[in-house]
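Engineer: Handing you a structure now.
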Amino acid sequence: MKQNELLHIKNMVCPRCIMAVRDELKELEIQFQDVQLGQVILSDPIDKQKLKSLSNQLNALGFELLEPGKSVLISKIKTVIIEQIHHAQEPLSINFSSLISDNLHQEYAYLSRLFSSVEGITIEKFIVLQKIEKVKEYLVYNQMTLSEIALEMNYSSVAHLSAQFKKETGMTPTKFKGQSSHHRKPLDKI
């Protein structure tokens, strides 16, 4: 596949993002084979004018068309993490470093240094922040006990989950659950 047949898009974090990008592609009459979190596989290369129009439309929706290079790798790392934490049906059977390295076909040490230098936080911290947002979602919907949430999110214990939650949010999961308004961050702002 040629580079100009694969587009990388920052801030695609959910199935609705995929639908929004699909709609923009159709509106601009850009032929595509597939739209996934973080990327679009085009049927044919597109000219610079259509690419600029697409970039402007995506920016208006809060997305960003990425140039090939380091920003694409960062976006791919985030996409792998978000897919696993927020959309995977099966729990992770390997550690995140192996998952990321396997998906990006790069050494984890290199990816980790790159991520930290560009984002200002470690991959591990990004994973923790994503997990905390997922835990908040589970707490808001009130369909699982804290023990079930800890198991679902691969925490070693409820105590570990609670300690990490309090460290990141300043409150216990129980206090968060008891609030009348639940402050959650959009996934693309983490």
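A note on labels: chains of the structure tokens are A, B, ... as shown, every chain counts residues from 1, and ligands are counted from 1 in their shown order.
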Write down as a PyMOL selection string the residues belonging to chain A that are assigned strand (DSSP E or B) by DSSP computed on the backbone.
Structural biologist: chain A and resi 6-10+32-36+39-42+64-66
Engineer: If you keep N, CA and C atoms, can you produce a file of those selected residues as a CSV table (one decimal), in the first residue's frame?
Structural biologist:
```
chain,number,residue,atom,x,y,z
A,6,LEU,N,-3.0,5.8,2.6
A,6,LEU,CA,-3.2,5.5,4.0
A,6,LEU,C,-3.1,6.9,4.8
A,7,LEU,N,-4.2,7.3,5.4
A,7,LEU,CA,-4.3,8.6,6.1
A,7,LEU,C,-4.3,8.3,7.6
A,8,HIS,N,-3.6,9.0,8.4
A,8,HIS,CA,-3.6,8.9,9.8
A,8,HIS,C,-4.3,10.1,10.4
A,9,ILE,N,-5.3,9.8,11.3
A,9,ILE,CA,-6.1,10.9,11.9
A,9,ILE,C,-6.0,10.9,13.4
A,10,LYS,N,-5.7,12.0,14.0
A,10,LYS,CA,-5.6,12.2,15.4
A,10,LYS,C,-6.9,12.4,16.0
A,32,PHE,N,-12.9,5.4,-0.3
A,32,PHE,CA,-12.1,4.7,0.7
A,32,PHE,C,-12.5,3.2,0.8
A,33,GLN,N,-11.6,2.4,1.3
A,33,GLN,CA,-11.8,1.0,1.5
A,33,GLN,C,-12.3,0.8,2.9
A,34,ASP,N,-11.7,1.5,3.9
A,34,ASP,CA,-12.0,1.2,5.3
A,34,ASP,C,-11.7,2.4,6.1
A,35,VAL,N,-12.4,2.6,7.2
A,35,VAL,CA,-12.1,3.7,8.2
A,35,VAL,C,-12.0,2.9,9.6
A,36,GLN,N,-10.9,3.1,10.2
A,36,GLN,CA,-10.7,2.5,11.6
A,36,GLN,C,-10.3,3.6,12.5
A,39,GLN,N,-7.2,5.8,11.5
A,39,GLN,CA,-6.7,5.7,10.1
A,39,GLN,C,-7.8,5.5,9.1
A,40,VAL,N,-7.5,5.9,7.8
A,40,VAL,CA,-8.4,5.7,6.7
A,40,VAL,C,-7.5,5.0,5.6
A,41,ILE,N,-8.1,4.0,5.0
A,41,ILE,CA,-7.5,3.3,3.9
A,41,ILE,C,-8.2,3.8,2.7
A,42,LEU,N,-7.5,4.5,1.8
A,42,LEU,CA,-8.2,5.1,0.6
A,42,LEU,C,-8.2,4.0,-0.5
A,64,GLU,N,-7.5,15.7,13.5
A,64,GLU,CA,-6.3,16.3,12.8
A,64,GLU,C,-5.7,15.3,11.9
A,65,LEU,N,-5.5,15.7,10.6
A,65,LEU,CA,-4.9,14.8,9.7
A,65,LEU,C,-3.4,14.9,9.9
A,66,LEU,N,-2.7,13.7,10.2
A,66,LEU,CA,-1.3,13.7,10.6
A,66,LEU,C,-0.4,13.5,9.4
```
Engineer: Could you give me, as a PDB file with C-alpha atoms, in the first residue's frame, the residues within 9 Å of region 111-128 of chain A, counting only C-alpha atoms and dropping anything in the same chain fewer than 5 positions from it?
Structural biologist:
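Full text of selection.pdb as output:
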```pdb
ATOM      1  CA  LYS A  70       6.614  10.676  14.623  1.00  0.00           C
ATOM      2  CA  SER A  71       3.123  12.100  15.166  1.00  0.00           C
ATOM      3  CA  LEU A  73       3.532   6.716  15.707  1.00  0.00           C
ATOM      4  CA  ILE A  74       2.222   8.626  18.744  1.00  0.00           C
ATOM      5  CA  ILE A  77       0.274   4.139  20.282  1.00  0.00           C
ATOM      6  CA  LYS A  78      -2.726   6.025  21.664  1.00  0.00           C
ATOM      7  CA  ILE A  81      -4.217   1.736  24.140  1.00  0.00           C
ATOM      8  CA  ILE A  82      -7.682   3.262  23.690  1.00  0.00           C
ATOM      9  CA  ILE A  85      -9.056  -0.219  27.343  1.00  0.00           C
ATOM     10  CA  PHE A  96       0.774  -3.290  27.260  1.00  0.00           C
ATOM     11  CA  SER A  97       4.411  -2.950  26.221  1.00  0.00           C
ATOM     12  CA  ILE A 100       2.098  -1.830  21.598  1.00  0.00           C
ATOM     13  CA  SER A 101       5.388  -3.203  20.283  1.00  0.00           C
ATOM     14  CA  LEU A 104       3.570  -1.072  15.727  1.00  0.00           C
ATOM     15  CA  GLN A 106       8.876  -1.316  16.767  1.00  0.00           C
ATOM     16  CA  GLU A 133     -11.660   7.262  32.683  1.00  0.00           C
ATOM     17  CA  GLN A 164      -4.717   4.647  41.824  1.00  0.00           C
ATOM     18  CA  GLU A 168      -5.405  10.568  39.895  1.00  0.00           C
ATOM     19  CA  ILE A 190      -6.227  12.784  28.021  1.00  0.00           C
TER      20      ILE A 190
END
```
Engineer: Distance table requested - region 67-183 of chain A against region 12-27 of chain A, cut-off 12 Å, only C-alpha atoms: one row per qualifying residue with the closest atom pair and its distance in Å to one decimal, ordered by chain and rising residue number, as JSON lines.
Structural biologist:
```
{"residue": "A:Ser75", "atom": "CA", "partner": "A:Met12", "partner_atom": "CA", "distance": 9.2}
{"residue": "A:Lys76", "atom": "CA", "partner": "A:Met12", "partner_atom": "CA", "distance": 10.5}
{"residue": "A:Lys78", "atom": "CA", "partner": "A:Val13", "partner_atom": "CA", "distance": 9.0}
{"residue": "A:Thr79", "atom": "CA", "partner": "A:Val13", "partner_atom": "CA", "distance": 7.2}
{"residue": "A:Val80", "atom": "CA", "partner": "A:Val13", "partner_atom": "CA", "distance": 10.2}
{"residue": "A:Ile81", "atom": "CA", "partner": "A:Val13", "partner_atom": "CA", "distance": 10.2}
{"residue": "A:Ile82", "atom": "CA", "partner": "A:Val13", "partner_atom": "CA", "distance": 6.9}
{"residue": "A:Glu83", "atom": "CA", "partner": "A:Val13", "partner_atom": "CA", "distance": 7.9}
{"residue": "A:Gln84", "atom": "CA", "partner": "A:Val13", "partner_atom": "CA", "distance": 11.3}
{"residue": "A:Ile85", "atom": "CA", "partner": "A:Val13", "partner_atom": "CA", "distance": 11.1}
{"residue": "A:His86", "atom": "CA", "partner": "A:Cys14", "partner_atom": "CA", "distance": 8.6}
{"residue": "A:His87", "atom": "CA", "partner": "A:Cys14", "partner_atom": "CA", "distance": 8.2}
{"residue": "A:Ala88", "atom": "CA", "partner": "A:Cys14", "partner_atom": "CA", "distance": 11.8}
{"residue": "A:Gln130", "atom": "CA", "partner": "A:Val13", "partner_atom": "CA", "distance": 11.3}
```
Engineer: Can those selected residues be exported to a file as a short mmCIF file (atom, residue, chain, number, x, y, z; two decimals), in the first residue's frame so that it contains N, CA, C and O atoms?
Structural biologist:
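File part.cif, as written:
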```
data_model
loop_
_atom_site.label_atom_id
_atom_site.label_comp_id
_atom_site.auth_asym_id
_atom_site.auth_seq_id
_atom_site.Cartn_x
_atom_site.Cartn_y
_atom_site.Cartn_z
N SER A 75 0.12 8.71 17.55
CA SER A 75 -1.31 8.47 17.36
C SER A 75 -1.61 6.96 17.38
O SER A 75 -2.60 6.53 17.96
N LYS A 76 -0.76 6.18 16.73
CA LYS A 76 -0.97 4.72 16.72
C LYS A 76 -0.85 4.13 18.12
O LYS A 76 -1.62 3.24 18.50
N LYS A 78 -1.50 5.65 20.95
CA LYS A 78 -2.73 6.02 21.66
C LYS A 78 -3.91 5.18 21.20
O LYS A 78 -4.73 4.75 22.02
N THR A 79 -4.00 4.94 19.91
CA THR A 79 -5.11 4.16 19.37
C THR A 79 -5.09 2.73 19.91
O THR A 79 -6.13 2.19 20.30
N VAL A 80 -3.93 2.10 19.96
CA VAL A 80 -3.81 0.74 20.48
C VAL A 80 -4.28 0.70 21.94
O VAL A 80 -5.04 -0.19 22.34
N ILE A 81 -3.85 1.68 22.72
CA ILE A 81 -4.22 1.74 24.14
C ILE A 81 -5.72 1.97 24.30
O ILE A 81 -6.39 1.27 25.06
N ILE A 82 -6.25 2.94 23.59
CA ILE A 82 -7.68 3.26 23.69
C ILE A 82 -8.54 2.09 23.24
O ILE A 82 -9.53 1.75 23.89
N GLU A 83 -8.17 1.46 22.13
CA GLU A 83 -8.93 0.29 21.67
C GLU A 83 -8.96 -0.80 22.73
O GLU A 83 -10.00 -1.39 22.99
N GLN A 84 -7.81 -1.07 23.34
CA GLN A 84 -7.74 -2.13 24.33
C GLN A 84 -8.56 -1.79 25.58
O GLN A 84 -9.32 -2.59 26.07
N ILE A 85 -8.40 -0.59 26.08
CA ILE A 85 -9.06 -0.22 27.34
C ILE A 85 -10.56 0.03 27.16
O ILE A 85 -11.37 -0.40 27.97
N HIS A 86 -10.93 0.71 26.10
CA HIS A 86 -12.32 1.15 25.97
C HIS A 86 -13.19 0.31 25.03
O HIS A 86 -14.41 0.39 25.11
N HIS A 87 -12.58 -0.48 24.14
CA HIS A 87 -13.39 -1.16 23.13
C HIS A 87 -13.17 -2.66 23.02
O HIS A 87 -13.94 -3.33 22.35
N ALA A 88 -12.11 -3.19 23.64
CA ALA A 88 -11.82 -4.62 23.51
C ALA A 88 -12.86 -5.46 24.25
O ALA A 88 -13.32 -5.09 25.33
N GLN A 130 -6.20 6.57 31.00
CA GLN A 130 -7.28 5.94 30.22
C GLN A 130 -8.08 4.96 31.09
O GLN A 130 -9.31 4.91 31.01
#
```
Engineer: Can you list, as a list in words, every protein, DNA or RNA residue that comes within 10 Å of region 150-152 of chain A when you count only C-alpha atoms, leaving out same-chain residues fewer than 2 positions away?
Structural biologist: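 Within the cut-off, the hits are Ile85, Glu90, Pro91, Leu92, Val135, Met144, Thr145, Leu146, Ser147, Glu148, Asn154, Tyr155, Ser156, Ser157, Val158, Ala159, His160, Leu161 and Ser162 of chain A.
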Engineer: Go ahead and save the picked residues with C-alpha atoms, as a PDB file, in the first residue's frame.
Structural biologist:
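The resulting file, selection.pdb, is shown below:
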```
ATOM      1  CA  ILE A  85      -9.056  -0.219  27.343  1.00  0.00           C
ATOM      2  CA  GLU A  90     -11.501  -9.685  25.780  1.00  0.00           C
ATOM      3  CA  PRO A  91      -9.178  -8.790  28.657  1.00  0.00           C
ATOM      4  CA  LEU A  92      -5.533  -8.208  27.779  1.00  0.00           C
ATOM      5  CA  VAL A 135     -13.433   3.132  35.694  1.00  0.00           C
ATOM      6  CA  MET A 144     -20.789  -3.433  38.329  1.00  0.00           C
ATOM      7  CA  THR A 145     -19.365  -3.669  41.824  1.00  0.00           C
ATOM      8  CA  LEU A 146     -15.927  -2.246  42.521  1.00  0.00           C
ATOM      9  CA  SER A 147     -14.590  -5.812  42.692  1.00  0.00           C
ATOM     10  CA  GLU A 148     -16.007  -6.562  39.243  1.00  0.00           C
ATOM     11  CA  ASN A 154      -6.908  -5.992  35.234  1.00  0.00           C
ATOM     12  CA  TYR A 155      -6.171  -4.481  38.640  1.00  0.00           C
ATOM     13  CA  SER A 156      -4.551  -6.858  41.131  1.00  0.00           C
ATOM     14  CA  SER A 157      -7.066  -5.831  43.813  1.00  0.00           C
ATOM     15  CA  VAL A 158      -9.795  -3.368  44.717  1.00  0.00           C
ATOM     16  CA  ALA A 159      -7.268  -1.656  47.002  1.00  0.00           C
ATOM     17  CA  HIS A 160      -4.888  -1.092  44.059  1.00  0.00           C
ATOM     18  CA  LEU A 161      -7.716   0.296  41.912  1.00  0.00           C
ATOM     19  CA  SER A 162      -8.911   2.564  44.736  1.00  0.00           C
TER      20      SER A 162
END
```
Engineer: Which is closer to Leu51 (chain A) than all the others in A:Val72, A:Ala109, A:Ile30, A:Leu37, using only C-alpha atoms?
Structural biologist: A:Ile30
Engineer: Between A:Gly178, A:Asn56, A:Thr169, A:Gly62, which has the minimum distance to Tyr141 (chain A) (counting only C-alpha atoms)?
Structural biologist: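 Of the candidates, the smallest distance to Tyr141 (chain A) is held by A:Gly178.
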Engineer: Got a sec to tell me which of region 107-161 of chain A DSSP assigns to helix (DSSP H, G or I), as JSON, numbers by chain?
Structural biologist: {"A": [108, 109, 110, 111, 112, 113, 114, 115, 116, 117, 118, 119, 123, 124, 125, 126, 127, 128, 129, 130, 131, 132, 133, 134, 135, 136, 137, 138, 139, 140, 141, 146, 147, 148, 149, 150, 151, 152, 158, 159, 160, 161]}
Engineer: Restricting the calculation to only C-alpha atoms, which member of A:Leu28, A:Phe63, A:Glu107, A:Gln179 is positioned closest to Asp47 (chain A)?
Structural biologist: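 Of A:Leu28, A:Phe63, A:Glu107, A:Gln179, the one nearest Asp47 (chain A), counting only C-alpha atoms, is A:Leu28.
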Engineer: What's the separation between CA of Pro45 (chain A) and CA of Glu5 (chain A), in Å to one decimal place?
Structural biologist: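 Rounded to one decimal, the two atoms are 5.2 Å apart.
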Engineer: Kindly give the distance, in Å, that separates CA of Lys134 (chain A) and CA of Asn103 (chain A), rounded to a single decimal.
Structural biologist: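 According to the coordinates, CA of Lys134 (chain A) and CA of Asn103 (chain A) are separated by 22.0 Å.
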Engineer: Find the spatial neighbours of Lys136 (chain A), counting only C-alpha atoms, within a cut-off of 8 Å - ignore same-chain residues fewer than 2 positions away - and output them as a compact mmCIF listing (two decimals) with N, CA, C and O atoms, in the first residue's frame.
Structural biologist:
```
# COMPACT_ATOMS: atom_id res chain seq x y z
N ILE A 132 -8.47 5.03 34.30
CA ILE A 132 -9.27 5.79 35.28
C ILE A 132 -10.54 6.32 34.62
O ILE A 132 -11.63 6.26 35.21
N GLU A 133 -10.45 6.79 33.38
CA GLU A 133 -11.66 7.26 32.68
C GLU A 133 -12.64 6.11 32.45
O GLU A 133 -13.85 6.29 32.55
N LYS A 134 -12.13 4.93 32.15
CA LYS A 134 -13.01 3.77 31.96
C LYS A 134 -13.66 3.37 33.29
O LYS A 134 -14.84 3.03 33.33
N TYR A 138 -17.66 3.09 34.27
CA TYR A 138 -18.31 1.98 34.96
C TYR A 138 -19.02 2.45 36.23
O TYR A 138 -20.12 2.00 36.54
N LEU A 139 -18.39 3.36 36.97
CA LEU A 139 -19.00 3.87 38.21
C LEU A 139 -20.27 4.67 37.92
O LEU A 139 -21.26 4.54 38.64
N VAL A 140 -20.25 5.47 36.87
CA VAL A 140 -21.42 6.28 36.51
C VAL A 140 -22.59 5.39 36.14
O VAL A 140 -23.73 5.64 36.54
N PRO A 173 -13.22 5.97 44.69
CA PRO A 173 -14.28 5.60 43.75
C PRO A 173 -15.67 5.75 44.35
O PRO A 173 -16.60 6.20 43.67
N PHE A 176 -16.59 9.41 44.31
CA PHE A 176 -16.89 9.80 42.93
C PHE A 176 -18.29 9.34 42.54
O PHE A 176 -19.07 10.09 41.97
N ARG A 184 -15.93 13.82 33.83
CA ARG A 184 -15.15 12.89 33.01
C ARG A 184 -14.49 13.68 31.89
O ARG A 184 -15.03 14.67 31.42
```
